[in-house]
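Shown next: entry02.cif, containing mmCIF, C-alpha atoms.
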data_final
#
loop_
_atom_site.label_atom_id
_atom_site.label_comp_id
_atom_site.auth_asym_id
_atom_site.auth_seq_id
_atom_site.Cartn_x
_atom_site.Cartn_y
_atom_site.Cartn_z
CA MET A 10 32.01 247.37 151.22
CA ASN A 11 30.55 249.17 154.22
CA ARG A 12 28.96 245.90 155.37
CA TYR A 13 32.22 244.98 157.13
CA ASP A 14 32.60 245.80 160.80
CA SER A 15 36.39 245.42 160.81
CA LEU A 16 39.49 245.02 158.67
CA ILE A 17 42.25 242.47 159.33
CA PHE A 18 45.53 243.21 157.54
CA ASP A 19 48.41 241.01 156.53
CA MET A 20 51.74 242.77 157.02
CA ASP A 21 54.48 241.91 154.50
CA GLY A 22 53.49 242.74 150.95
CA THR A 23 50.33 244.44 152.16
CA LEU A 24 51.39 247.28 154.46
CA TRP A 25 55.13 247.42 153.90
CA ASP A 26 58.12 245.96 152.06
CA ALA A 27 60.85 244.92 154.48
CA VAL A 28 62.35 242.13 152.37
CA ASP A 29 65.82 243.67 152.11
CA SER A 30 65.96 243.97 155.89
CA TYR A 31 64.76 240.40 156.36
CA ALA A 32 67.46 239.20 153.97
CA ARG A 33 70.04 240.93 156.17
CA VAL A 34 68.59 239.23 159.27
CA TRP A 35 68.75 235.82 157.58
CA ASP A 36 72.36 236.39 156.51
CA ILE A 37 73.37 237.37 160.04
CA SER A 38 71.62 234.29 161.41
CA PHE A 39 73.33 231.98 158.92
CA ALA A 40 76.69 233.49 159.90
CA ARG A 41 76.00 232.92 163.59
CA MET A 42 75.30 229.24 162.83
CA GLY A 43 78.47 228.93 160.79
CA ILE A 44 76.47 228.26 157.63
CA ASP A 45 78.05 229.48 154.40
CA ALA A 46 74.88 230.85 152.82
CA THR A 47 73.19 234.11 151.90
CA VAL A 48 69.62 234.94 150.92
CA SER A 49 68.61 237.16 148.03
CA ARG A 50 65.65 239.48 147.86
CA GLU A 51 64.20 237.39 145.05
CA GLN A 52 64.38 234.20 147.12
CA LEU A 53 62.57 235.80 150.05
CA VAL A 54 59.92 237.45 147.89
CA GLY A 55 59.03 233.99 146.65
CA CYS A 56 58.51 232.87 150.26
CA MET A 57 56.44 235.79 151.52
CA GLY A 58 53.35 234.66 153.40
CA MET A 59 54.89 231.36 154.48
CA ARG A 60 55.69 230.39 158.06
CA LEU A 61 59.33 230.92 159.02
CA SER A 62 59.89 227.17 159.42
CA ASP A 63 58.58 226.60 155.89
CA ILE A 64 60.77 229.41 154.54
CA LEU A 65 63.78 227.72 156.14
CA ASP A 66 62.88 224.41 154.51
CA THR A 67 62.54 226.20 151.16
CA LEU A 68 65.85 228.06 151.39
CA VAL A 69 67.94 225.25 152.92
CA ASP A 70 67.72 221.74 151.53
CA PRO A 71 66.22 219.45 154.21
CA ALA A 72 69.13 217.08 153.54
CA VAL A 73 71.55 219.70 154.87
CA GLU A 74 72.36 218.86 158.46
CA ILE A 75 71.67 221.92 160.60
CA ASP A 76 69.90 222.34 163.91
CA ARG A 77 66.73 223.87 162.48
CA ALA A 78 65.17 224.62 165.86
CA ARG A 79 68.34 226.42 166.97
CA PHE A 80 68.48 228.36 163.72
CA LEU A 81 64.87 229.55 164.13
CA ASP A 82 65.69 230.65 167.68
CA ILE A 83 68.67 232.64 166.40
CA LEU A 84 66.58 234.08 163.58
CA ALA A 85 64.01 235.30 166.12
CA GLU A 86 66.77 236.82 168.27
CA GLU A 87 68.30 238.64 165.32
CA GLU A 88 64.95 239.87 164.03
CA ALA A 89 64.16 241.30 167.47
CA ARG A 90 67.60 242.93 167.53
CA GLN A 91 67.89 244.16 163.94
CA MET A 92 64.41 245.05 162.67
CA PRO A 93 63.75 248.01 165.02
CA ARG A 94 66.80 249.59 163.36
CA LEU A 95 66.45 248.31 159.79
CA GLY A 96 62.68 248.54 159.40
CA GLY A 97 60.95 248.59 156.05
CA ARG A 98 59.17 250.84 153.59
CA LEU A 99 55.44 251.52 153.88
CA TYR A 100 53.62 251.26 150.59
CA PRO A 101 52.34 254.57 149.18
CA GLY A 102 49.16 255.71 150.88
CA VAL A 103 49.39 253.39 153.88
CA ALA A 104 50.11 255.95 156.60
CA ASP A 105 47.27 258.29 155.69
CA GLY A 106 45.03 255.43 154.55
CA ILE A 107 45.24 253.54 157.83
CA ALA A 108 44.28 256.71 159.69
CA ALA A 109 41.30 257.22 157.38
CA LEU A 110 40.14 253.61 157.67
CA ALA A 111 40.45 253.69 161.46
CA ARG A 112 37.80 256.41 161.54
CA ARG A 113 35.29 253.96 160.09
CA TYR A 114 36.46 250.46 161.02
CA ARG A 115 38.22 248.59 163.79
CA LEU A 116 41.64 247.53 162.48
CA PHE A 117 43.61 244.35 163.21
CA MET A 118 46.66 242.49 161.93
CA VAL A 119 47.38 238.77 161.42
CA SER A 120 50.72 237.64 159.97
CA ASN A 121 52.94 234.59 159.71
CA CYS A 122 55.90 236.66 160.94
CA ALA A 123 58.06 236.15 164.02
CA ALA A 124 56.71 236.85 167.50
CA CYS A 125 58.12 240.37 167.53
CA GLY A 126 57.32 241.15 163.90
CA ILE A 127 54.05 243.06 164.17
CA SER A 128 55.15 244.97 167.28
CA ASN A 129 58.35 246.00 165.50
CA PHE A 130 56.35 247.07 162.46
CA LEU A 131 53.96 249.18 164.52
CA ALA A 132 56.74 250.85 166.52
CA TYR A 133 58.85 251.57 163.43
CA THR A 134 55.96 253.02 161.42
CA GLY A 135 54.16 254.84 164.24
CA LEU A 136 50.86 253.06 163.51
CA THR A 137 50.39 251.43 166.93
CA SER A 138 47.42 253.57 167.96
CA TYR A 139 45.35 252.47 164.95
CA ILE A 140 45.56 248.70 165.48
CA ASP A 141 43.18 247.26 168.07
CA ASP A 142 44.75 243.80 168.29
CA HIS A 143 47.22 241.58 166.43
CA ILE A 144 48.62 238.05 166.41
CA SER A 145 51.28 236.13 164.48
CA ASN A 146 52.27 232.54 163.86
CA GLY A 147 55.54 233.27 165.67
CA GLU A 148 53.61 234.00 168.86
CA ASN A 149 51.41 230.91 169.04
CA GLY A 150 52.36 228.52 166.22
CA LEU A 151 48.87 228.60 164.71
CA ASP A 152 48.30 228.91 161.00
CA LYS A 153 46.83 232.06 159.51
CA ALA A 154 43.26 230.74 159.25
CA GLU A 155 43.27 229.83 162.95
CA ASN A 156 44.68 233.23 163.89
CA ILE A 157 42.11 235.06 161.79
CA ARG A 158 39.41 233.15 163.66
CA LEU A 159 41.18 233.87 166.98
CA ILE A 160 41.28 237.62 166.32
CA ALA A 161 37.62 237.59 165.31
CA THR A 162 36.51 235.59 168.35
CA ARG A 163 38.41 237.44 171.04
CA ASN A 164 37.36 240.84 169.67
CA GLY A 165 33.73 239.98 168.99
CA LEU A 166 33.95 240.66 165.26
CA THR A 167 30.84 239.76 163.29
CA ASN A 168 31.88 240.42 159.68
CA PRO A 169 35.59 241.13 159.19
CA VAL A 170 37.46 241.09 155.89
CA TYR A 171 41.07 239.95 155.52
CA ILE A 172 43.37 242.00 153.28
CA GLY A 173 46.49 240.27 151.98
CA ASP A 174 48.66 239.85 148.91
CA THR A 175 49.16 236.13 148.29
CA ALA A 176 47.17 233.09 147.24
CA GLY A 177 47.92 231.65 150.67
CA ASP A 178 46.32 234.67 152.29
CA ALA A 179 43.22 234.12 150.18
CA ALA A 180 43.08 230.42 151.04
CA HIS A 181 43.47 231.00 154.78
CA SER A 182 40.92 233.79 154.74
CA HIS A 183 38.36 231.53 153.08
CA ALA A 184 39.24 228.67 155.45
CA ALA A 185 38.49 231.02 158.34
CA GLY A 186 35.12 231.90 156.78
CA VAL A 187 36.15 235.51 156.19
CA ASP A 188 35.93 237.58 153.00
CA PHE A 189 39.19 238.46 151.26
CA ILE A 190 40.49 241.50 149.37
CA HIS A 191 43.67 241.12 147.34
CA ALA A 192 46.40 243.72 147.85
CA ALA A 193 47.46 243.64 144.19
CA TRP A 194 50.46 245.92 144.85
CA GLY A 195 52.12 243.20 146.94
CA PHE A 196 54.17 240.08 146.25
CA GLY A 197 51.63 237.52 145.06
CA ALA A 198 48.88 236.76 142.58
CA VAL A 199 45.48 235.29 143.38
CA ASP A 200 42.43 234.03 141.52
CA PRO A 201 41.42 236.93 139.24
CA SER A 202 37.83 236.61 140.43
CA ALA A 203 38.82 237.79 143.93
CA ALA A 204 37.97 241.31 145.07
CA SER A 205 41.11 243.36 144.45
CA ALA A 206 42.60 246.82 144.90
CA ALA A 207 45.45 248.08 142.71
CA SER A 208 46.92 250.36 145.38
CA PHE A 209 46.38 251.22 149.01
CA ASN A 210 44.68 254.44 147.99
CA ASP A 211 42.28 252.40 145.84
CA LEU A 212 41.63 250.13 148.82
CA VAL A 213 40.69 253.13 150.97
CA LYS A 214 38.29 254.36 148.30
CA MET A 215 36.78 250.89 147.96
CA LEU A 216 36.13 250.69 151.70
CA THR A 217 34.96 254.26 152.33
CA THR A 218 32.65 255.00 149.38
#

Same coordinates, now as structure tokens:
Amino acid sequence: MNRYDSLIFDMDGTLWDAVDSYARVWDISFARMGIDATVSREQLVGCMGMRLSDILDTLVDPAVEIDRARFLDILAEEEARQMPRLGGRLYPGVADGIAALARRYRLFMVSNCAACGISNFLAYTGLTSYIDDHISNGENGLDKAENIRLIATRNGLTNPVYIGDTAGDAAHSHAAGVDFIHAAWGFGAVDPSAASAASFNDLVKMLTT
């Protein structure tokens, strides 16, 4: 595993679990729009890794007449307002593991979260100093494969590996021409032939021995 020059991490389901907080943000946003709806943890877990616009289409029937663009704007406002307070829970081993990996690799993040999502994550968890660069779909509208390529190009990476927890992460990683390691502790399942780590501590061992 030492052939890699850098590690690119997904966020949700890979570094932390903030689903309960996201559900609260969605509920607040629905209320602001006057929509009589709530979101459960189970519903959101099933959408992890998707773009916010696709999550909205999954949770709200496209036949329902709402201003989807306005809702996504409100959702972004509420995430920026609520998540610095609500935060999430780092998976076991992440705090110490990120510090250990940063001694050997350059570290990056690519997520399909809102524009403020990764910055909120880094500020809440105190991991800002370990991450060299990051980008999200909410910032530029690009899909994950394009953003993986963007991170690699603008940072001069020659052989990064993407670490994520869903089949979509694996597909986008391969589309970007980047190796993939499955975060098996997260929300999704992937092809069993993929490289996989059962826990973050196992991932650190895999990448440092």

Centre and edges of the range 105-116 of chain A box, axis-aligned, 4 Å extra per side, as AutoDock Vina command-line options:
--center_x 41.3 --center_y 252.9 --center_z 159.2 --size_x 20.0 --size_y 18.8 --size_z 17.2

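Residues lying within 12 Å of Ala124 in chain A, counting only C-alpha atoms and ignoring same-chain neighbours fewer than 3 positions away, are Arg60, Leu61, Leu81, Asp82, Leu84, Ala85, Glu86, Glu87, Glu88, Ala89, Val119, Ser120, Asn121, Ile127, Ser128, Asn129, Phe130, His143, Ile144, Ser145, Asn146, Gly147, Glu148, Asn149, Gly150 and Leu151 of chain A.
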
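Going from CA of Val34 in chain A over to CA of Gly96 in chain A, you cover 11.0 Å.
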
Expansion of the PyMOL selection byres ((chain A and resi 136) around 12) into residues, as a PyMOL selection string: chain A and resi 24-25+99+103-108+111+116-118+127-135+137-141

For CA of Asp188 in chain A and CA of Val170 in chain A, determine how far apart the two atoms are, in Å to one decimal place. 4.8 Å

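Evaluated against the shown file, the PyMOL selection byres ((chain A and resi 48) around 6) gives Ala32, Thr47 and Ser49 of chain A.
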
Selection under test: the PyMOL selection byres ((chain A and resi 212) around 12); residues as a short mmCIF file (atom, residue, chain, number, x, y, z; two decimals) with C-alpha atoms, in the frame of the given file:
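Once written, part38.cif looks like this:
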data_model
loop_
_atom_site.label_atom_id
_atom_site.label_comp_id
_atom_site.auth_asym_id
_atom_site.auth_seq_id
_atom_site.Cartn_x
_atom_site.Cartn_y
_atom_site.Cartn_z
CA MET A 10 32.01 247.37 151.22
CA LEU A 16 39.49 245.02 158.67
CA PHE A 18 45.53 243.21 157.54
CA THR A 23 50.33 244.44 152.16
CA LEU A 24 51.39 247.28 154.46
CA PRO A 101 52.34 254.57 149.18
CA GLY A 102 49.16 255.71 150.88
CA VAL A 103 49.39 253.39 153.88
CA GLY A 106 45.03 255.43 154.55
CA ILE A 107 45.24 253.54 157.83
CA ALA A 109 41.30 257.22 157.38
CA LEU A 110 40.14 253.61 157.67
CA ILE A 172 43.37 242.00 153.28
CA GLY A 173 46.49 240.27 151.98
CA ILE A 190 40.49 241.50 149.37
CA HIS A 191 43.67 241.12 147.34
CA ALA A 192 46.40 243.72 147.85
CA ALA A 193 47.46 243.64 144.19
CA TRP A 194 50.46 245.92 144.85
CA ALA A 204 37.97 241.31 145.07
CA SER A 205 41.11 243.36 144.45
CA ALA A 206 42.60 246.82 144.90
CA ALA A 207 45.45 248.08 142.71
CA SER A 208 46.92 250.36 145.38
CA PHE A 209 46.38 251.22 149.01
CA ASN A 210 44.68 254.44 147.99
CA ASP A 211 42.28 252.40 145.84
CA VAL A 213 40.69 253.13 150.97
CA LYS A 214 38.29 254.36 148.30
CA MET A 215 36.78 250.89 147.96
CA LEU A 216 36.13 250.69 151.70
CA THR A 217 34.96 254.26 152.33
CA THR A 218 32.65 255.00 149.38
#

Grab the CA of Phe189 in chain A to CA of Thr67 in chain A distance for me, in Å with one decimal place. 26.4 Å

Radius query 12 Å about (43.6, 231.9, 148.4), atoms used: all atoms listed in the file, as a ChimeraX atom specification: /A:58,153-154,171-191,197-204

Excluding Ile64 in chain A and its own-chain neighbours fewer than 5 positions away, which residues fall within 12 Å of it when counting only C-alpha atoms? Please give them as a PyMOL selection string. chain A and resi 31-32+35+48+52-59+69-71+77+81+84+121-123

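Counting only C-alpha atoms and comparing A:Arg12, A:Arg50, A:Arg98, A:Arg112, the residue that lies closest to Asp36 in chain A is A:Arg50.
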